[in-house]
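**Student:** First the structure, which I've put down as structure tokens, then a few questions once you've had a look.
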Amino acid sequence: MRIAVFDAKNYDRQALEAANQNHHHQLQFFEPRLSLDTVGLVQGVAAVCPFVNDRLDAAVVAKLAAAGVKLVTLRCAGYNGVDLAACRQHGIAVTRVPAYSPHAVAEHAFALLLAVVRRIHKSYTRVREMDFSLDGLVGFDLHGKTMGVLGAGRIGRATMSIARGFGMRVLAYDLYPNAELAASLGCEFVSLEEIWRQADVISLHLPLTAESRHLINRDTLGRMKPGAVLINTSRGGLVDTAALLEALKAGRLSGVGLDVYEMEEGVFFENLSESGLQDDQLARLLTFPNVLVTSHQGFLTREALMNIADTTLGNAGAFERGEALVNAISV
């Protein structure tokens, strides 16, 4: 198939071209994100390949259909940027990559957690300035602490497994509690209220839905255990940033690690070192010494990139051959 790849960085191109040696599609790469401003670049292709922050609203989908596009093959798990109803109306199939390397994201969650708890980011900056003092760097052991994991999908399960390896007690929340999983991982499924009350660390691994948006808000932050650490490697919209800033200013959290941010579009994945940051909330977050932000890089391992590329191109191949789309998204 002829596929237009949007929001294509060097690492995307390298992984897709390597995977394409087995799939033999014709790939056309574009640096900009797919949006109403860039949809005009789509010409003579049967499929488009967007990423997590591309915007395929009804107007964009209509233009894609008019250009002859029959498939949107997402190279990510999230699809909240795609108007699925409009795609169905125009006869455009939508596929995604539901799982690539759950270990990549789970391990990044713990990289953030360890860095925040042991003040690694602060220590790194100090030492580079020849300041070898230890004042202000006191952390706490993870061993024996309670971790609350919200979402027991593949990434959530990988996170629980790592937590158990650290000797942590694991509480899990999921819409569909699984007794077998609880037994195999040594975790306990509980209510959200119990997690707010007991967890020393809360790690988010939920999809972003109308129900889960701003799950972390003024009310739930206020019910968390004083001094808790919040880690989000899932979806930025799960956290109400304004409420998070209030909680940080009040000293209710001992640390925050974020790999996602609710207004990350146009910021994350981009180099703003010359133009500067225009987002006041994100700028305020970055001033807190107990906050560590990475720019949505949880997926960024060699293994995950190759899995993403292979599944994305495999979805296109299945569509081209008229096979069942096992990774299709339906309304």
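Letters A, B, ... mark the chains of the structure tokens in the order given; residue numbers begin at 1 per chain; ligand numbers begin at 1, in order shown.
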So that I can check the surroundings of range 262-270 of chain A, please list as an MDAnalysis selection string every protein, DNA and RNA residue that reaches within 8 Å of it, counting only C-alpha atoms and ignoring chain neighbours fewer than 5 positions away.
**Tutor:** chainID A and resid 53 235:241 277 295:296
**Student:** Skipping near chain neighbours, those fewer than 2 positions away, what residues fall within 12 Å of Gly186 in chain A using only C-alpha atoms, listed as a PDB file with C-alpha atoms, in the first residue's frame?
**Tutor:**
```
ATOM      1  CA  ARG A 157       0.457  -5.768  35.052  1.00  0.00           C
ATOM      2  CA  MET A 160       2.797  -4.494  39.338  1.00  0.00           C
ATOM      3  CA  SER A 161       5.381  -7.178  38.631  1.00  0.00           C
ATOM      4  CA  ILE A 162       8.229  -4.664  38.945  1.00  0.00           C
ATOM      5  CA  ALA A 163       6.713  -3.264  42.143  1.00  0.00           C
ATOM      6  CA  ARG A 164       6.593  -6.734  43.677  1.00  0.00           C
ATOM      7  CA  GLY A 165      10.273  -7.147  42.739  1.00  0.00           C
ATOM      8  CA  GLY A 167       9.224  -5.644  47.772  1.00  0.00           C
ATOM      9  CA  MET A 168       6.242  -3.307  47.584  1.00  0.00           C
ATOM     10  CA  ARG A 169       2.687  -4.129  48.577  1.00  0.00           C
ATOM     11  CA  VAL A 170       0.521  -3.697  45.470  1.00  0.00           C
ATOM     12  CA  LEU A 171      -3.074  -2.488  45.405  1.00  0.00           C
ATOM     13  CA  ALA A 172      -4.775  -2.503  42.009  1.00  0.00           C
ATOM     14  CA  ASN A 178      -9.283 -10.459  38.130  1.00  0.00           C
ATOM     15  CA  ALA A 179      -8.831 -12.931  40.991  1.00  0.00           C
ATOM     16  CA  GLU A 180      -6.437 -15.097  38.941  1.00  0.00           C
ATOM     17  CA  LEU A 181      -4.288 -12.080  38.153  1.00  0.00           C
ATOM     18  CA  ALA A 182      -4.313 -11.008  41.785  1.00  0.00           C
ATOM     19  CA  ALA A 183      -3.075 -14.439  42.827  1.00  0.00           C
ATOM     20  CA  SER A 184      -0.366 -14.663  40.155  1.00  0.00           C
ATOM     21  CA  GLU A 188      -5.048  -7.012  45.773  1.00  0.00           C
ATOM     22  CA  PHE A 189      -7.899  -5.431  43.808  1.00  0.00           C
TER      23      PHE A 189
END
```
**Student:** Which residue out of A:Leu292, A:Ala106, A:Leu71, A:Ala309 has the minimum interatomic distance to His23 in chain A when only C-alpha atoms are used?
**Tutor:**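 Of A:Leu292, A:Ala106, A:Leu71, A:Ala309, the one nearest His23 in chain A is A:Ala309, counting only C-alpha atoms.
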**Student:** CA of Pro32 in chain A and CA of Lys63 in chain A, how far apart in Å?
**Tutor:**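 Distance between the two atoms: 16.8 Å.
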**Student:** Among range 21-255 of chain A, which residues does DSSP mark as helix (DSSP H, G or I) when it is run on the backbone? Keep the chain and numbering as in the structure and answer as a ChimeraX atom specification.
**Tutor:** /A:39-41,58-66,84-89,102-117,120-128,154-165,179-185,192-198,218-223,236-238,241-249
**Student:** Choose the residue, out of A:Tyr11, A:Phe132, A:Phe51, A:Phe110, that has the smallest atom-to-atom separation from Gly81 in chain A; count only C-alpha atoms.
**Tutor:**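 Distance minimum relative to Gly81 in chain A lands on A:Phe51.
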**Student:** Using only C-alpha atoms, find the one residue out of A:Ala283, A:Ala58, A:Ile3, A:Leu134 that sits nearest to Lys70 in chain A.
**Tutor:**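 Looking at the shortest contact to Lys70 in chain A, the residue is A:Ile3.
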**Student:** Quick one: which range 42-103 of chain A residues come within 10 Å of range 298-302 of chain A, and what is the nearest atom pair for each with the distance in Å to one decimal, counting only C-alpha atoms, rows ordered by chain and ascending number, as CSV?
**Tutor:**
```
residue,atom,partner,partner_atom,distance
A:Cys76,CA,A:Phe299,CA,9.3
A:Tyr100,CA,A:Phe299,CA,8.2
A:Ser101,CA,A:Phe299,CA,7.5
A:Pro102,CA,A:Phe299,CA,8.4
A:His103,CA,A:Phe299,CA,9.0
```
**Student:** Please measure the separation of CA of Arg154 in chain A and CA of Val97 in chain A, giving the value in Å to one decimal.
**Tutor:**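 Taking CA of Arg154 in chain A as the start and CA of Val97 in chain A as the end point, the length is 12.8 Å.
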**Student:** Please compute the CA of Asn22 in chain A-CA of Val94 in chain A distance, one decimal, in Å.
**Tutor:**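 Interatomic distance here is 21.8 Å.
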**Student:** Do you have, as a Markdown table, the list of residues of range 3-102 of chain A lying at most 12 Å from range 205-219 of chain A, each with its nearest atom pair and that distance in Å to one decimal, counting only C-alpha atoms and ordered by chain then number?
**Tutor:**
```
| residue | atom | partner | partner_atom | distance |
| --- | --- | --- | --- | --- |
| A:Ala77 | CA | A:Pro207 | CA | 9.2 |
| A:Gly78 | CA | A:Pro207 | CA | 7.5 |
| A:Tyr79 | CA | A:Leu208 | CA | 9.2 |
| A:Asn80 | CA | A:Leu208 | CA | 7.5 |
| A:Gly81 | CA | A:Leu208 | CA | 10.8 |
| A:Pro98 | CA | A:Pro207 | CA | 11.2 |
| A:Pro102 | CA | A:His205 | CA | 10.5 |
```
**Student:** Run DSSP on the backbone and grab whatever in range 97-261 of chain A lands in strand (DSSP E or B); send it over as a ChimeraX atom specification.
**Tutor:** /A:146-150,169-173,187-189,201-204,216,228-232,239,253-258
**Student:** My list of candidates is A:Asn315, A:Thr125, A:Gln21, A:Ser203. Which is closest to Val256 in chain A when distances are computed with only C-alpha atoms?
**Tutor:**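 Checking each candidate against Val256 in chain A, we get A:Ser203 as the closest.
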**Student:** At a cut-off of 12 Å, using only C-alpha atoms, what residues contact Leu286 in chain A? Leave out same-chain residues fewer than 4 positions from it and give the result as a ChimeraX atom specification.
**Tutor:** /A:245,248,256-258,261,277,279-282,290-294
**Student:** Go through A:Ala62, A:Cys187, A:Ala250, A:Val260 and flag the residue nearest Leu84 in chain A, using only C-alpha atoms for the distances.
**Tutor:**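 Selected residue with least distance to Leu84 in chain A: A:Ala62.
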**Student:** Of the candidates A:Gly153, A:Pro289, A:Val116, A:Ala318, which shows the shortest atom-to-atom distance to Ala99 in chain A, using only C-alpha atoms?
**Tutor:**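 Smallest separation from Ala99 in chain A among the options: A:Gly153.
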